[in-house]
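File shown here: target_28.cif, holding mmCIF, C-alpha atoms.
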data_my_file
loop_
_atom_site.label_atom_id
_atom_site.label_comp_id
_atom_site.auth_asym_id
_atom_site.auth_seq_id
_atom_site.Cartn_x
_atom_site.Cartn_y
_atom_site.Cartn_z
CA MET A 21 152.94 -33.93 96.75
CA LYS A 22 154.50 -36.55 99.05
CA ASP A 23 153.15 -34.60 102.00
CA ASN A 24 149.60 -34.97 100.69
CA ILE A 25 149.58 -38.73 101.27
CA CYS A 26 151.30 -38.23 104.59
CA PHE A 27 148.61 -35.80 105.81
CA LEU A 28 145.76 -37.89 104.42
CA LYS A 29 147.12 -40.96 106.20
CA ALA A 30 147.54 -38.99 109.42
CA LEU A 31 143.87 -38.06 109.25
CA THR A 32 142.57 -41.53 108.51
CA GLU A 33 144.87 -43.20 111.05
CA GLY A 34 144.02 -40.66 113.75
CA ASN A 35 147.61 -39.43 114.18
CA THR A 36 146.82 -36.55 116.57
CA LYS A 37 150.39 -35.21 116.49
CA LEU A 38 150.27 -34.68 112.73
CA ILE A 39 146.66 -33.48 112.80
CA LYS A 40 147.76 -30.86 115.34
CA LYS A 41 150.44 -29.84 112.83
CA ILE A 42 147.72 -29.51 110.17
CA TYR A 43 145.81 -27.27 112.56
CA ALA A 44 148.85 -25.12 113.28
CA SER A 45 149.69 -24.50 109.64
CA ASN A 46 146.19 -24.25 108.15
CA PHE A 47 143.63 -23.16 110.72
CA PRO A 48 144.78 -19.49 110.93
CA LYS A 49 144.21 -19.00 107.17
CA ALA A 50 140.77 -20.62 107.23
CA LYS A 51 139.86 -18.63 110.34
CA ARG A 52 140.91 -15.36 108.69
CA PHE A 53 138.77 -16.15 105.64
CA ILE A 54 135.69 -16.98 107.72
CA LEU A 55 136.06 -13.97 110.01
CA GLN A 56 136.37 -11.73 106.94
CA ASN A 57 133.21 -13.28 105.52
CA LYS A 58 130.59 -12.74 108.21
CA GLY A 59 131.70 -15.59 110.45
CA GLN A 60 132.75 -15.96 114.08
CA LEU A 61 135.58 -17.92 115.67
CA ALA A 62 133.17 -20.74 116.58
CA ASP A 63 132.11 -20.98 112.91
CA ALA A 64 135.74 -21.19 111.83
CA GLU A 65 136.45 -24.00 114.32
CA ASP A 66 133.36 -25.89 113.23
CA ILE A 67 134.05 -25.54 109.51
CA PHE A 68 137.70 -26.54 109.87
CA GLN A 69 136.74 -29.65 111.82
CA LYS A 70 134.06 -30.55 109.25
CA ALA A 71 136.55 -30.09 106.41
CA LEU A 72 139.06 -32.43 108.03
CA LEU A 73 136.35 -34.99 108.71
CA GLN A 74 135.04 -34.75 105.16
CA ILE A 75 138.48 -35.30 103.63
CA SER A 76 139.30 -38.20 105.99
CA VAL A 77 136.02 -40.06 105.60
CA ARG A 78 136.13 -39.65 101.84
CA PHE A 79 139.74 -40.83 101.64
CA THR A 80 139.06 -43.85 103.87
CA LYS A 81 136.46 -45.26 101.53
CA GLU A 82 137.49 -44.03 98.12
CA PRO A 83 141.16 -42.93 98.14
CA PHE A 84 141.48 -39.95 95.84
CA THR A 85 144.40 -37.91 94.61
CA ILE A 86 144.86 -34.28 95.48
CA ASN A 87 146.44 -32.61 92.46
CA THR A 88 147.51 -29.55 94.35
CA HIS A 89 149.12 -29.01 97.75
CA PHE A 90 147.22 -30.43 100.70
CA GLU A 91 147.06 -26.94 102.25
CA ALA A 92 145.41 -25.46 99.15
CA TYR A 93 142.93 -28.32 98.91
CA LEU A 94 142.00 -28.10 102.58
CA PHE A 95 141.47 -24.35 102.24
CA THR A 96 139.17 -24.90 99.22
CA VAL A 97 137.10 -27.41 101.18
CA CYS A 98 136.83 -24.95 104.09
CA LYS A 99 135.84 -22.15 101.70
CA ASN A 100 133.18 -24.33 100.07
CA LEU A 101 131.76 -25.48 103.40
CA TRP A 102 131.54 -21.87 104.51
CA ARG A 103 129.90 -20.81 101.22
CA ARG A 104 127.44 -23.65 101.80
CA GLU A 105 126.73 -22.43 105.31
CA LEU A 106 126.22 -18.80 104.24
CA ASN A 107 123.88 -19.81 101.41
CA LYS A 108 121.94 -22.09 103.74
CA HIS A 109 121.47 -19.16 106.08
CA LYS A 110 120.41 -16.93 103.15
CA MET A 111 117.84 -19.55 102.12
CA ARG A 112 116.47 -19.71 105.63
CA VAL A 113 116.08 -15.94 105.71
CA THR A 114 114.61 -15.44 102.23
CA ASN A 115 112.60 -18.62 101.82
CA ASN A 116 109.24 -18.65 103.53
CA SER A 117 108.71 -22.37 103.02
CA VAL A 118 109.82 -24.78 105.72
CA ILE A 119 113.34 -26.05 105.22
CA GLU A 120 113.85 -29.64 106.23
CA LEU A 121 116.26 -30.11 109.10
CA LEU A 122 118.70 -32.90 108.34
CA SER A 123 120.88 -34.97 110.64
CA GLU A 124 124.54 -33.96 110.85
CA GLU A 125 125.57 -37.10 108.96
CA LYS A 126 123.11 -36.42 106.15
CA GLU A 127 124.29 -32.81 105.89
CA ASN A 128 127.88 -34.07 105.70
CA ALA A 129 126.87 -36.58 103.02
CA TYR A 130 125.31 -33.84 100.88
CA ALA A 131 128.35 -31.64 101.42
CA VAL A 132 130.66 -34.39 100.09
CA ILE A 133 128.53 -34.83 96.97
CA GLU A 134 128.48 -31.07 96.38
CA GLN A 135 132.24 -30.90 96.88
CA LYS A 136 132.76 -33.73 94.38
CA ARG A 137 130.46 -31.97 91.93
CA GLN A 138 132.43 -28.75 92.25
CA GLU A 139 135.71 -30.61 91.72
CA LEU A 140 134.29 -32.22 88.58
CA PHE A 141 133.12 -28.86 87.18
CA VAL A 142 136.45 -27.17 87.93
CA GLU A 143 138.34 -30.10 86.38
CA LYS A 144 136.26 -29.84 83.18
CA LEU A 145 136.60 -26.06 83.09
CA ASN A 146 140.36 -26.58 83.09
CA GLU A 147 140.10 -28.95 80.14
CA ILE A 148 138.55 -26.44 77.72
CA SER A 149 140.57 -23.80 75.83
CA GLU A 150 142.18 -20.97 77.76
CA ASN A 151 139.98 -18.42 76.00
CA CYS A 152 136.79 -20.33 76.82
CA LYS A 153 137.90 -20.73 80.41
CA LYS A 154 138.52 -16.99 80.71
CA ILE A 155 135.17 -15.96 79.24
CA LEU A 156 133.19 -18.56 81.22
CA THR A 157 134.91 -17.62 84.46
CA LEU A 158 133.74 -14.04 83.92
CA PHE A 159 130.28 -15.22 82.88
CA PHE A 160 129.78 -17.45 85.91
CA SER A 161 131.03 -14.67 88.17
CA LYS A 162 128.01 -12.70 86.88
CA THR A 163 130.19 -10.12 85.13
CA PRO A 164 127.98 -7.90 82.94
CA TYR A 165 128.33 -8.51 79.19
CA SER A 166 129.46 -4.93 78.63
CA GLU A 167 132.43 -5.52 80.95
CA ILE A 168 133.33 -8.81 79.26
CA VAL A 169 133.37 -6.97 75.91
CA THR A 170 135.84 -4.42 77.30
CA ASP A 171 137.96 -6.80 79.37
CA LEU A 172 138.46 -9.39 76.64
CA LYS A 173 138.39 -6.89 73.76
CA TYR A 174 135.41 -8.32 71.86
CA ASN A 175 133.54 -6.27 69.26
CA SER A 176 130.06 -6.47 70.72
CA GLU A 177 127.84 -8.13 73.30
CA THR A 178 126.33 -10.32 70.56
CA VAL A 179 129.76 -11.77 69.78
CA VAL A 180 130.32 -12.38 73.48
CA ARG A 181 126.96 -14.16 73.81
CA GLN A 182 127.75 -16.45 70.89
CA ARG A 183 131.20 -17.20 72.28
CA ILE A 184 129.77 -17.99 75.73
CA PHE A 185 127.15 -20.25 74.16
CA LYS A 186 129.80 -22.25 72.29
CA CYS A 187 132.10 -22.49 75.31
CA LYS A 188 129.27 -23.52 77.60
CA LYS A 189 128.24 -26.18 75.13
CA LYS A 190 131.76 -27.58 75.16
CA LEU A 191 131.86 -27.52 78.95
CA THR A 192 128.47 -29.19 79.42
CA GLU A 193 129.39 -31.90 76.89
CA LEU A 194 132.56 -32.66 78.82
CA VAL A 195 130.69 -32.78 82.14
CA LYS A 196 127.90 -34.99 80.76
CA SER A 197 130.31 -37.42 79.16
CA ASP A 198 132.11 -38.03 82.45
CA VAL A 199 130.76 -41.11 84.18
CA ARG A 200 131.10 -39.48 87.62
CA TYR A 201 128.41 -36.95 86.71
CA ASN A 202 125.68 -39.62 86.74
CA SER A 203 125.86 -40.04 90.49
CA LEU A 204 126.23 -36.30 91.16
CA LYS A 205 123.60 -34.76 88.91
CA GLU A 206 120.24 -33.37 89.92
CA LEU A 207 117.37 -35.50 88.67
CA MET B 13 120.23 -26.99 72.57
CA ASN B 14 119.95 -23.70 70.70
CA ILE B 15 121.07 -20.22 71.62
CA GLU B 16 117.49 -19.03 72.22
CA ASP B 17 116.96 -21.66 74.92
CA ASP B 18 120.35 -20.86 76.34
CA ILE B 19 119.44 -17.18 76.65
CA LEU B 20 116.07 -18.14 78.17
CA ILE B 21 117.78 -20.27 80.85
CA GLU B 22 120.25 -17.52 81.56
CA ARG B 23 117.44 -14.95 81.95
CA PHE B 24 115.68 -17.33 84.34
CA LEU B 25 118.84 -17.74 86.42
CA ARG B 26 119.40 -13.99 86.45
CA LYS B 27 115.75 -13.61 87.57
CA GLU B 28 114.99 -11.46 84.54
CA LEU B 29 111.82 -13.26 83.36
CA SER B 30 108.36 -11.79 83.86
CA LYS B 31 105.89 -13.71 86.01
CA ILE B 32 104.16 -15.16 82.92
CA GLU B 33 107.47 -16.06 81.25
CA GLU B 34 108.62 -17.71 84.45
CA GLU B 35 105.47 -19.82 84.72
CA GLY B 36 105.88 -20.92 81.10
CA PHE B 37 109.52 -21.75 81.82
CA ILE B 38 108.64 -23.96 84.79
CA ILE B 39 105.93 -25.80 82.82
CA ARG B 40 108.45 -26.47 80.07
CA THR B 41 111.00 -27.92 82.54
CA LYS B 42 108.28 -30.39 83.58
CA LYS B 43 107.30 -31.40 80.07
CA ASP B 44 110.53 -31.25 78.08
CA SER B 45 113.09 -33.61 79.63
CA ASN B 46 116.00 -32.43 77.44
CA PHE B 47 115.32 -28.83 78.33
CA ARG B 48 115.04 -29.77 82.02
CA GLU B 49 118.35 -31.66 81.94
CA GLN B 50 120.09 -28.72 80.26
CA PHE B 51 118.56 -26.26 82.70
CA LEU B 52 119.57 -28.29 85.77
CA LEU B 53 123.16 -28.67 84.61
CA GLU B 54 123.42 -25.00 83.78
CA LYS B 55 121.93 -24.05 87.13
CA GLN B 56 124.50 -26.20 88.93
CA LEU B 57 127.35 -24.62 86.94
CA TRP B 58 125.90 -21.15 87.51
CA GLN B 59 125.76 -21.67 91.28
CA THR B 60 129.04 -23.53 91.63
CA LEU B 61 131.58 -21.68 89.50
CA ASN B 62 131.71 -18.43 91.42
CA ASP B 63 132.69 -17.37 94.91
CA THR B 64 129.35 -16.40 96.36
CA ASN B 65 126.62 -18.93 95.53
CA TRP B 66 126.52 -22.62 96.25
CA SER B 67 124.81 -25.46 94.40
CA PHE B 68 122.98 -27.60 96.94
CA ALA B 69 122.41 -31.24 96.11
CA LYS B 70 118.69 -31.81 96.43
CA ASN B 71 117.24 -34.37 94.12
CA ILE B 72 120.11 -36.70 93.42
CA ASP B 73 120.71 -40.44 93.37
CA HIS B 74 119.41 -41.45 96.80
CA ALA B 75 121.71 -44.46 97.11
CA ASN B 76 124.70 -42.16 96.78
CA VAL B 77 123.52 -39.97 99.67
CA GLN B 78 122.84 -43.03 101.80
CA LYS B 79 126.30 -44.39 101.08
CA TYR B 80 128.00 -41.26 102.43
CA GLU B 81 125.56 -40.90 105.30
CA GLY B 82 126.46 -44.44 106.35
CA LEU B 83 130.16 -43.58 106.18
CA PHE B 84 129.72 -40.59 108.47
CA LYS B 85 127.73 -42.71 110.92
CA SER B 86 130.31 -45.51 111.01
CA ALA B 87 132.49 -46.28 114.01
CA GLU B 88 135.52 -45.50 111.87
CA ALA B 89 134.26 -41.97 111.23
CA GLN B 90 133.60 -41.52 114.94
CA LYS B 91 137.19 -42.55 115.67
CA ILE B 92 138.48 -40.01 113.14
CA LYS B 93 136.23 -37.36 114.64
CA ASP B 94 137.64 -38.08 118.12
CA SER B 95 141.22 -37.80 116.87
CA ILE B 96 140.46 -34.49 115.17
CA PHE B 97 138.85 -33.23 118.35
CA THR B 98 141.87 -34.25 120.48
CA ALA B 99 144.29 -32.63 118.00
CA LYS B 100 142.23 -29.44 118.04
CA LYS B 101 142.26 -29.37 121.86
CA ASN B 102 146.05 -29.88 121.92
CA TYR B 103 146.50 -27.16 119.33
CA LYS B 104 144.38 -24.69 121.30
CA ASN B 105 146.18 -25.51 124.58
CA SER B 106 149.61 -25.01 123.08
CA LYS B 107 148.41 -21.79 121.48
CA SER B 108 147.15 -20.37 124.75
CA ARG B 109 150.46 -21.26 126.47
CA LYS B 110 152.25 -19.40 123.70
CA ARG B 111 149.78 -16.54 123.97
CA ILE B 112 150.55 -16.07 127.70
CA TRP B 113 154.28 -16.00 126.93
CA TYR B 114 153.86 -13.57 124.01
CA SER B 115 151.47 -11.31 125.88
CA SER B 116 153.98 -10.98 128.73
CA ILE B 117 156.61 -9.88 126.23
CA ALA B 118 154.09 -7.64 124.47
CA SER B 119 153.15 -5.94 127.75
CA VAL B 120 156.79 -5.12 128.44
CA LEU B 121 157.23 -3.81 124.90
CA LEU B 122 154.02 -1.78 125.14
CA ILE B 123 155.12 -0.07 128.36
CA PHE B 124 158.51 0.57 126.78
CA SER B 125 157.00 2.06 123.61
CA ILE B 126 154.54 4.20 125.56
CA LEU B 127 157.48 5.59 127.50
CA MET B 128 159.38 6.13 124.24
CA TYR B 129 156.34 7.67 122.60
CA THR B 130 155.55 10.08 125.38
CA SER B 131 159.17 11.12 125.74
CA SER B 132 159.72 11.38 122.00
CA ASN B 133 159.79 14.60 120.04
CA GLU B 134 156.32 14.23 118.48
CA LYS B 135 155.28 17.56 119.79
CA THR B 136 155.01 19.96 116.90
CA PRO B 137 152.14 19.61 114.40
CA LYS B 138 154.61 18.74 111.61
CA GLU B 139 156.13 15.97 113.69
CA LEU B 140 152.71 14.64 114.56
CA TYR B 141 151.87 14.75 110.84
CA THR B 142 155.02 12.78 109.98
CA PHE B 143 154.24 10.21 112.65
CA HIS B 144 150.70 9.62 111.37
CA ILE B 145 151.43 9.81 107.65
CA ASN B 146 154.11 7.13 108.10
CA GLN B 147 151.47 4.82 109.50
CA VAL B 148 149.24 5.12 106.44
CA SER B 149 148.86 1.88 104.51
CA LEU B 150 147.03 2.27 101.22
CA PRO B 151 145.39 -0.61 99.30
CA SER B 152 147.37 -1.67 96.22
CA PHE B 153 146.07 -1.59 92.69
CA VAL B 154 145.74 -5.05 91.19
CA ASN B 155 145.97 -5.54 87.44
CA ARG B 156 143.17 -7.76 86.20
CA ASN B 157 143.31 -9.08 82.65
CA ASN B 158 146.34 -6.99 81.77
CA ASN B 159 144.18 -3.91 81.61
CA ASP B 160 145.95 -0.74 80.37
CA GLN B 161 144.29 1.42 82.96
CA TYR B 162 145.68 -0.73 85.75
CA LYS B 163 149.12 -0.66 84.13
CA ASN B 164 149.09 3.15 84.50
CA LEU B 165 147.76 2.94 88.03
CA LEU B 166 150.43 0.44 89.01
CA LYS B 167 153.04 2.77 87.52
CA ALA B 168 151.56 5.69 89.46
CA GLN B 169 151.56 3.61 92.64
CA ALA B 170 155.23 2.67 92.11
CA LEU B 171 156.13 6.34 91.64
CA PHE B 172 154.18 7.20 94.79
CA GLU B 173 155.99 4.51 96.76
CA SER B 174 159.36 5.78 95.56
CA LYS B 175 158.27 9.26 96.71
CA GLU B 176 158.20 10.68 93.18
CA TYR B 177 154.98 12.40 94.10
CA GLN B 178 154.75 14.97 91.27
CA LYS B 179 155.06 12.29 88.58
CA SER B 180 152.54 10.07 90.37
CA ILE B 181 150.10 13.00 90.64
CA THR B 182 150.20 13.54 86.86
CA LEU B 183 149.34 9.89 86.24
CA PHE B 184 146.68 9.68 88.94
CA ILE B 185 144.93 12.78 87.57
CA GLU B 186 144.98 11.25 84.07
CA GLU B 187 143.36 8.07 85.39
CA LEU B 188 140.89 9.78 87.70
CA ASN B 189 138.41 10.67 84.97
CA LYS B 190 138.58 7.26 83.34
CA ALA B 191 138.06 5.23 86.50
CA ASN B 192 134.69 3.71 87.35
CA SER B 193 135.55 3.58 90.99
CA PRO B 194 138.21 6.19 91.74
CA LEU B 195 138.25 5.80 95.54
CA ARG B 196 141.81 4.50 95.77
CA ILE B 197 143.00 7.11 93.27
CA TYR B 198 141.58 9.86 95.50
CA LEU B 199 143.47 8.47 98.49
CA TYR B 200 146.83 8.20 96.72
CA LEU B 201 146.39 11.54 94.97
CA SER B 202 145.50 13.49 98.11
CA ILE B 203 148.46 12.13 100.09
CA ALA B 204 150.86 12.82 97.21
CA GLN B 205 149.53 16.38 97.05
CA ILE B 206 149.92 16.87 100.80
CA GLU B 207 153.44 15.49 100.69
CA ILE B 208 154.59 18.07 98.14
CA ASN B 209 152.69 20.88 99.87
CA LYS B 210 149.97 21.28 97.22
CA PHE B 211 147.56 21.96 100.02
CA ARG B 212 144.73 23.62 98.07
CA ALA B 213 144.73 20.81 95.50
CA ALA B 214 144.81 18.19 98.27
CA GLU B 215 141.87 19.89 99.99
CA ASN B 216 139.88 19.79 96.72
CA THR B 217 140.68 16.12 96.18
CA LEU B 218 139.61 15.25 99.70
CA ASN B 219 136.44 17.33 99.41
CA ASN B 220 135.55 15.38 96.26
CA LEU B 221 136.15 12.12 98.09
CA ILE B 222 134.06 13.22 101.08
CA LYS B 223 131.23 14.35 98.77
CA SER B 224 131.20 10.98 96.98
CA ASP B 225 128.98 8.09 97.99
CA TYR B 226 131.74 5.51 98.53
CA ILE B 227 131.61 3.61 101.80
CA ASP B 228 135.22 4.56 102.42
CA ARG B 229 134.57 8.26 101.85
CA GLU B 230 134.95 8.80 105.58
CA LYS B 231 138.70 8.15 105.21
CA GLY B 232 138.73 11.57 103.55
CA TYR B 233 138.11 13.20 106.93
CA TRP B 234 141.14 11.55 108.50
CA TYR B 235 143.47 12.60 105.66
CA LYS B 236 141.99 16.09 105.78
CA SER B 237 142.89 16.31 109.46
CA LEU B 238 146.46 15.32 108.53
CA LEU B 239 146.46 17.99 105.82
CA TYR B 240 145.53 20.69 108.37
CA LEU B 241 148.09 19.29 110.77
CA LYS B 242 150.82 19.76 108.20
CA THR B 243 149.66 23.30 107.39
CA GLU B 244 149.51 23.94 111.15
CA ASP B 245 145.90 25.10 110.80
CA LEU B 246 145.05 23.67 114.20
CA VAL B 247 141.56 25.15 114.40
CA SER B 248 140.45 23.35 111.20
CA CYS B 249 142.32 20.24 112.29
CA LYS B 250 140.49 20.14 115.63
CA ASN B 251 137.12 20.69 113.91
CA ILE B 252 137.68 17.79 111.51
CA LEU B 253 138.92 15.52 114.30
CA GLN B 254 135.80 16.33 116.28
CA VAL B 255 133.63 15.33 113.26
CA ILE B 256 135.51 12.01 113.05
CA ILE B 257 135.03 11.35 116.78
CA ASP B 258 131.37 12.39 116.85
CA ASN B 259 130.47 10.15 113.92
CA SER B 260 132.80 7.26 114.81
CA TYR B 261 134.37 7.58 111.38
CA TYR B 262 137.52 5.81 110.18
CA ASN B 263 140.38 6.13 112.76
CA HIS B 264 138.13 7.75 115.37
CA VAL B 265 140.23 6.31 118.20
CA LYS B 266 143.40 7.78 116.71
CA ALA B 267 141.50 11.02 116.11
CA LYS B 268 140.71 11.23 119.83
CA GLU B 269 144.37 10.68 120.74
CA LEU B 270 145.49 13.25 118.20
CA LEU B 271 142.93 15.78 119.39
CA ASP B 272 144.17 15.36 122.98
CA LYS B 273 147.71 15.94 121.81
CA ILE B 274 147.09 19.05 119.78
CA SER B 275 144.85 20.51 122.47
CA ASP B 276 148.02 20.87 124.54
CA LEU B 277 149.84 22.77 121.78
#
Could you write out this structure as structure tokens?
Amino acid sequence: MKDNICFLKALTEGNTKLIKKIYASNFPKAKRFILQNKGQLADAEDIFQKALLQISVRFTKEPFTINTHFEAYLFTVCKNLWRRELNKHKMRVTNNSVIELLSEEKENAYAVIEQKRQELFVEKLNEISENCKKILTLFFSKTPYSEIVTDLKYNSETVVRQRIFKCKKKLTELVKSDVRYNSLKEL
Amino acid sequence: MNIEDDILIERFLRKELSKIEEEGFIIRTKKDSNFREQFLLEKQLWQTLNDTNWSFAKNIDHANVQKYEGLFKSAEAQKIKDSIFTAKKNYKNSKSRKRIWYSSIASVLLIFSILMYTSSNEKTPKELYTFHINQVSLPSFVNRNNNDQYKNLLKAQALFESKEYQKSITLFIEELNKANSPLRIYLYLSIAQIEINKFRAAENTLNNLIKSDYIDREKGYWYKSLLYLKTEDLVSCKNILQVIIDNSYYNHVKAKELLDKISDL
């Protein structure tokens, strides 16, 4: 994890030599992901740049710890920014109402808050029991109840529903009791 | 929070409520603050903890948004942005220099391999079959949740890869009827059958694949052309290749090359 600090510092201090190294070892993976998910090369370049900017600006003002490898974290941020972009496009296509156009800085600000919210949710999901984590991961991935019954060897869909209810309750309690949630929650 | 409300929220998020139920739901979120809070949190979790949706921040603490907006507008952020841009430019320049160097080498290798290829012995149908079957790369089976079915499929795949085709066929056939989505099984099974000269069985397997409604069903045509190549039934092989070319199916470019080659035989 020593490299994490080194890369974060390179970004905030504008060390172009090291940032180029970050590009060389991480951009191809992000590009592959975006190209495989309805994107173009220009999208990949834009998302990668936004991800680096998001991490640097965030770290400058509120230094945070990355509990995984820098490469994995950067890839997650790229993936999330691309998911955001795809869903924004979907909203534009399916929503007839006018969608407010925001400045680039405001969009980036929202993206940081959403990223922080996702990190909080994932962190709390990792704090609950392994069984709860497994069943909720399937639930949030929209897996049909019948498949959860088979995959996790439950007796019936009713049992699965009750289990999901209890696990979700635990998860929401953990999220709500974390002070960070107050500034991230929808009002 | 009770389980009834929880189910109601879930049905709303899954878009399963009727118009009247939905209207009632929305009214309740306006009147019942606890219910609204629970619903909003669940909606955020629902949209965040999967790979496809995204939970957009809409109505959140305004000061928090302003704080980050200010950070992105700052001179410091602009400096960072410039450094990232310079690094990106340097990275792209060095990549294109490398690309010129590699493409020169690749051109030499390409000419060399074309010469090798054209002068090689891939002339008989069987040799052409061997050449193409060796290029086949099948998708692997991945075991999710330690599922027994996948254990068998992984075993069958391992047997296939170690060329123990008969044993792999037995296992694949066992799994075929149980599978919800047997596409990959069809592919492995048909190639294993071709490899041990069970041509009629292979033809049946491929016909079943072609008749199915899987997106990848068109791969069945390519493997069927390889089957006829191995049996030296060149008339059928040419017909299938023509279907692949006409419909731009999977491997249609290779199909064109192969058709040109066997037309000379």
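Environment of (133.0, -18.1, 109.0): residues at most 9 Å away, judged by all atoms listed in the file, are Ala50, Lys51, Arg52, Phe53, Ile54, Leu55, Gln56, Asn57, Lys58, Gly59, Gln60, Leu61, Ala62, Asp63, Ala64, Glu65, Asp66, Ile67, Lys99, Trp102, Arg103, Glu105 and Leu106 of chain A.
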For the file shown, report as a PyMOL selection string the outcome of the PyMOL selection byres ((chain B) within 6 of (chain A)) at residue level.
chain B and resi 58+61-62+66+71-73+77+80-81+84+92+95+99+103
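Distances to Leu183 (chain B) were evaluated for B:Ile206, B:Val120, B:Leu199, B:Leu165 using all atoms listed in the file, and the minimum falls at B:Leu165.
CA of Phe211 (chain B) lies 19.8 Å from CA of Ala168 (chain B).
Interatomic distance, CA of Asn46 (chain A) against CA of Thr96 (chain A): 11.4 Å.
Between CA of Arg212 (chain B) and CA of Leu277 (chain B) the separation is 24.3 Å.
Closest approach to Tyr200 (chain B) from the set B:Lys91, B:Lys163, B:Lys231, B:Arg109 is made by B:Lys231, with distances taken over only C-alpha atoms.
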Need to verify the contact set: Ile197 (chain B), 9 Å, only C-alpha atoms, exclusion of same-chain residues closer than 4 positions in sequence. Can you return it as a list in words?
Leu165, Phe184, Ile185, Glu187, Leu188, Ala191, Ser193, Leu201 and Ser202 of chain B
Same residues, C-alpha atoms, saved as a compact mmCIF listing (two decimals), in the frame of the given file:
# COMPACT_ATOMS: atom_id res chain seq x y z
CA LEU B 165 147.76 2.94 88.03
CA PHE B 184 146.68 9.68 88.94
CA ILE B 185 144.93 12.78 87.57
CA GLU B 187 143.36 8.07 85.39
CA LEU B 188 140.89 9.78 87.70
CA ALA B 191 138.06 5.23 86.50
CA SER B 193 135.55 3.58 90.99
CA LEU B 201 146.39 11.54 94.97
CA SER B 202 145.50 13.49 98.11
Can you spell out as a ChimeraX atom specification the set of residues that the PyMOL selection byres ((chain B and resi 135-137) around 12) selects in the structure I just provided?
/B:129-134,138-145,237-247,249-250,270-277
